[in-house]
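Report on the structure given below.
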Amino acid sequence: MIEWSAGVDEAGRGPLAGPVVAAAVILDPARPIAGLADSKALKAAEREALAPLIRERAIAFGIGVASAAEIDAINILQATLLAMRRAVLALAVPATHLEIDGNRLPSLEGLEGVRSAVAIVKGDSKVAAISAASILAKTARDHVMEQLDTRHPEYGFAIHKGYPVRAHLAALDTHGPSPVHRRSFAPVRSRLR
């Protein structure tokens, strides 16, 4: 049996609106990708240029999402781990080992073929496959927030992606929370009408 190691990371734990998105990536050592780094260390244009290269050159990649409603129901940590599981399940080639950014691991139960996993603090800056997952998760989430902006333009999601910047908090004060806001987050909860 071939051993495949997947890097796993998420984007969107801190915003007040929208989903948390995770990605899992199995890189192909024969098709290296220059410029991989933690998505937070890259400019948006760099992430957007790398994302299609990752999709094209990776052996497999998967995206997993947990909605704002799921975040409210089970908390942001559990929703993040759920999105990670969904990303691993979405891999077209099953991984046997997971390298996960952070200090927590999702349950491996039901992840067919996965025999081991390791959490790596700051893994997105240390492990190429986690960097690739970081980039895919961030770009996928940004695209979701841009789509949500067309439905809820009054909040400016396309600009701040749901993070608690001054303009977003002012929009919350004016309009109250939208259906995609995380009601369990204090700045949103305090503005419920």
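Following the order of the structure tokens, chains are lettered A, B, ..., residues in each are numbered from 1, and ligands are numbered from 1.
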Practice item. Name the residues of region 15-165 of chain A that fall into helix (DSSP H, G or I) according to DSSP on the backbone, using the chain letters and numbers of this document, as JSON, numbers by chain. Key: {"A": [39, 40, 41, 44, 45, 46, 47, 48, 49, 50, 51, 52, 53, 54, 55, 56, 57, 68, 69, 70, 71, 72, 73, 74, 76, 77, 78, 79, 80, 81, 82, 83, 84, 85, 86, 87, 88, 89, 123, 124, 125, 128, 129, 130, 131, 132, 133, 134, 135, 136, 137, 138, 139, 140, 141, 142, 143, 144, 145, 146, 147, 148, 149, 150, 151, 153, 154, 155, 157, 158, 159, 160]}
Exercise for review: Would you list the contacts of Leu136 (chain A) as a VMD selection string, taking every protein, DNA or RNA residue within 7 Å and counting only C-alpha atoms, but skipping same-chain residues closer than 4 positions in sequence?
Suggested key: chain A and resid 23 51 132 140
Point to revise | Neighbour list for Ile120 (chain A) as a PyMOL selection string, cut-off 6 Å, only C-alpha atoms, skip fewer than 5 positions in-chain | key: chain A and resi 100-102
Can you spit out the residues from that selection as a PDB file, in the first residue's frame, using C-alpha atoms?
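Final output, result_7.pdb:
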```
ATOM      1  CA  ILE A 100      -2.176  19.194  11.039  1.00  0.00           C
ATOM      2  CA  ASP A 101      -1.416  22.817  11.809  1.00  0.00           C
ATOM      3  CA  GLY A 102      -1.924  23.689  15.455  1.00  0.00           C
TER       4      GLY A 102
END
```
Check your understanding: Looking at A:Leu53, A:Ala44, A:Pro187, A:Gly12, which one is nearest to Ser67 (chain A), with distances taken over only C-alpha atoms?
Key ->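 For Ser67 (chain A), the nearest of the candidates is A:Gly12.
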Review point. Which one of A:Val114, A:Ala83, A:Val121, A:Ala17 sits closest to Ala68 (chain A) if you count only C-alpha atoms?
Key: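 Using only C-alpha atoms, Ala68 (chain A) sits closest to A:Ala17.
Using only C-alpha atoms, the shortest contact distance between Val118 (chain A) and any of A:His97, A:Ala58, A:Ser178, A:Ile130 is found at A:His97.
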Exercise for review: Find the spatial neighbours of region 7-11 of chain A, counting only C-alpha atoms, within a cut-off of 7 Å - ignore same-chain residues fewer than 4 positions away - and output them as a ChimeraX atom specification.
Suggested key: /A:20-26,84,98-101,129-130,133-134,137-138,141
Practice item. Can you work out the spacing between CA of Pro164 (chain A) and CA of Pro177 (chain A) in Å, to one decimal? Key: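 For CA of Pro164 (chain A) relative to CA of Pro177 (chain A), the distance reads 12.6 Å.
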**Study point:** Exercise: Asp38 (chain A) partners within 8 Å, only C-alpha atoms, chain neighbours under 4 positions left out, as a ChimeraX atom specification
**Key:** /A:42,124-125,131-132,134-135
Review point. When DSSP works through the backbone of this structure, what residues of region 6-192 of chain A end up as strand (DSSP E), shown as a PyMOL selection string?
Key: chain A and resi 6-11+20-26+60-66+97-101+116-120
Okay, now the selection with N, CA, C and O atoms, as a CSV table (one decimal), in the first residue's frame?
```csv
chain,number,residue,atom,x,y,z
A,6,ALA,N,-0.9,13.9,4.2
A,6,ALA,CA,-1.6,15.1,3.8
A,6,ALA,C,-1.4,16.2,4.9
A,6,ALA,O,-1.4,15.9,6.1
A,7,GLY,N,-1.2,17.4,4.4
A,7,GLY,CA,-1.1,18.5,5.3
A,7,GLY,C,-2.5,19.1,5.4
A,7,GLY,O,-3.3,19.1,4.4
A,8,VAL,N,-2.9,19.5,6.6
A,8,VAL,CA,-4.2,20.0,6.9
A,8,VAL,C,-4.1,21.4,7.6
A,8,VAL,O,-3.4,21.5,8.6
A,9,ASP,N,-4.9,22.3,7.2
A,9,ASP,CA,-5.0,23.6,7.9
A,9,ASP,C,-6.4,24.2,7.7
A,9,ASP,O,-7.1,23.8,6.8
A,10,GLU,N,-6.6,25.3,8.4
A,10,GLU,CA,-7.9,26.0,8.3
A,10,GLU,C,-7.8,27.4,8.2
A,10,GLU,O,-6.7,28.0,8.4
A,11,ALA,N,-8.9,28.1,7.8
A,11,ALA,CA,-8.9,29.6,7.7
A,11,ALA,C,-10.3,30.0,8.2
A,11,ALA,O,-11.3,29.3,8.0
A,20,VAL,N,-16.0,28.4,8.8
A,20,VAL,CA,-14.6,28.1,8.9
A,20,VAL,C,-14.3,27.1,7.8
A,20,VAL,O,-15.1,26.2,7.6
A,21,VAL,N,-13.2,27.2,7.1
A,21,VAL,CA,-12.9,26.4,5.9
A,21,VAL,C,-11.5,25.7,6.2
A,21,VAL,O,-10.6,26.3,6.6
A,22,ALA,N,-11.5,24.4,5.9
A,22,ALA,CA,-10.2,23.7,6.0
A,22,ALA,C,-9.9,23.1,4.7
A,22,ALA,O,-10.7,22.9,3.8
A,23,ALA,N,-8.6,22.8,4.5
A,23,ALA,CA,-8.1,22.1,3.3
A,23,ALA,C,-7.1,21.0,3.7
A,23,ALA,O,-6.4,21.2,4.8
A,24,ALA,N,-7.1,20.0,2.9
A,24,ALA,CA,-6.1,18.9,3.1
A,24,ALA,C,-5.4,18.7,1.7
A,24,ALA,O,-6.1,18.8,0.7
A,25,VAL,N,-4.1,18.6,1.8
A,25,VAL,CA,-3.4,18.6,0.5
A,25,VAL,C,-2.3,17.5,0.6
A,25,VAL,O,-1.5,17.4,1.6
A,26,ILE,N,-2.3,16.6,-0.4
A,26,ILE,CA,-1.2,15.6,-0.6
A,26,ILE,C,-0.3,16.2,-1.7
A,26,ILE,O,-0.8,16.2,-2.9
A,60,ALA,N,-3.6,15.1,-4.5
A,60,ALA,CA,-5.0,15.3,-4.1
A,60,ALA,C,-5.1,16.4,-3.2
A,60,ALA,O,-4.2,16.8,-2.5
A,61,PHE,N,-6.3,17.0,-3.2
A,61,PHE,CA,-6.7,18.1,-2.3
A,61,PHE,C,-8.2,18.0,-1.9
A,61,PHE,O,-8.9,17.5,-2.7
A,62,GLY,N,-8.5,18.4,-0.8
A,62,GLY,CA,-9.9,18.4,-0.4
A,62,GLY,C,-10.2,19.6,0.4
A,62,GLY,O,-9.4,20.1,1.1
A,63,ILE,N,-11.4,20.1,0.3
A,63,ILE,CA,-11.9,21.3,1.1
A,63,ILE,C,-13.0,20.9,1.9
A,63,ILE,O,-13.9,20.1,1.5
A,64,GLY,N,-13.0,21.3,3.2
A,64,GLY,CA,-14.1,21.1,4.1
A,64,GLY,C,-14.6,22.4,4.8
A,64,GLY,O,-13.8,23.3,5.0
A,65,VAL,N,-15.9,22.4,5.0
A,65,VAL,CA,-16.5,23.7,5.5
A,65,VAL,C,-17.4,23.4,6.7
A,65,VAL,O,-18.1,22.3,6.7
A,66,ALA,N,-17.4,24.2,7.7
A,66,ALA,CA,-18.4,24.2,8.8
A,66,ALA,C,-19.0,25.6,8.8
A,66,ALA,O,-18.3,26.6,8.9
A,97,HIS,N,-1.5,9.3,6.6
A,97,HIS,CA,-0.9,10.1,7.7
A,97,HIS,C,-1.3,11.6,7.5
A,97,HIS,O,-1.4,12.1,6.4
A,98,LEU,N,-1.6,12.2,8.6
A,98,LEU,CA,-2.0,13.6,8.6
A,98,LEU,C,-1.1,14.5,9.4
A,98,LEU,O,-0.7,14.1,10.5
A,99,GLU,N,-0.7,15.6,8.8
A,99,GLU,CA,0.1,16.6,9.5
A,99,GLU,C,-0.8,17.8,9.6
A,99,GLU,O,-1.1,18.4,8.6
A,100,ILE,N,-1.1,18.2,10.8
A,100,ILE,CA,-2.2,19.2,11.0
A,100,ILE,C,-1.6,20.4,11.7
A,100,ILE,O,-0.9,20.3,12.8
A,101,ASP,N,-1.9,21.6,11.2
A,101,ASP,CA,-1.4,22.8,11.8
A,101,ASP,C,-2.1,23.0,13.1
A,101,ASP,O,-3.3,22.8,13.3
A,116,SER,N,-2.3,7.5,11.2
A,116,SER,CA,-1.6,8.3,12.2
A,116,SER,C,-1.8,9.8,11.9
A,116,SER,O,-2.1,10.2,10.7
A,117,ALA,N,-1.6,10.6,12.9
A,117,ALA,CA,-1.7,12.1,12.7
A,117,ALA,C,-0.8,12.8,13.7
A,117,ALA,O,-0.6,12.2,14.8
A,118,VAL,N,-0.3,13.9,13.4
A,118,VAL,CA,0.5,14.7,14.3
A,118,VAL,C,0.1,16.2,14.2
A,118,VAL,O,-0.2,16.6,13.1
A,119,ALA,N,0.0,16.8,15.3
A,119,ALA,CA,-0.3,18.3,15.3
A,119,ALA,C,1.0,19.0,15.4
A,119,ALA,O,1.9,18.6,16.1
A,120,ILE,N,1.2,20.0,14.5
A,120,ILE,CA,2.4,20.7,14.5
A,120,ILE,C,2.1,22.2,14.6
A,120,ILE,O,1.5,22.9,13.8
```
Study note, to complete from the structure: Counting only C-alpha atoms, closest pick from A:Ser184, A:Ser190, A:Thr150, A:Thr139 relative to Glu70 (chain A) is A:Ser184
Practice item. Name all residues at most 7 Å from region 142-145 of chain A (count only C-alpha atoms; drop same-chain ones fewer than 3 positions away) and give them as JSON, numbers by chain. Key: {"A": [18, 138, 139, 148, 149, 157, 158, 161]}
Point to revise | Pairwise distance for CA of His160 (chain A) and CA of Ala69 (chain A), rounded to one decimal in Å | key: 20.1 Å
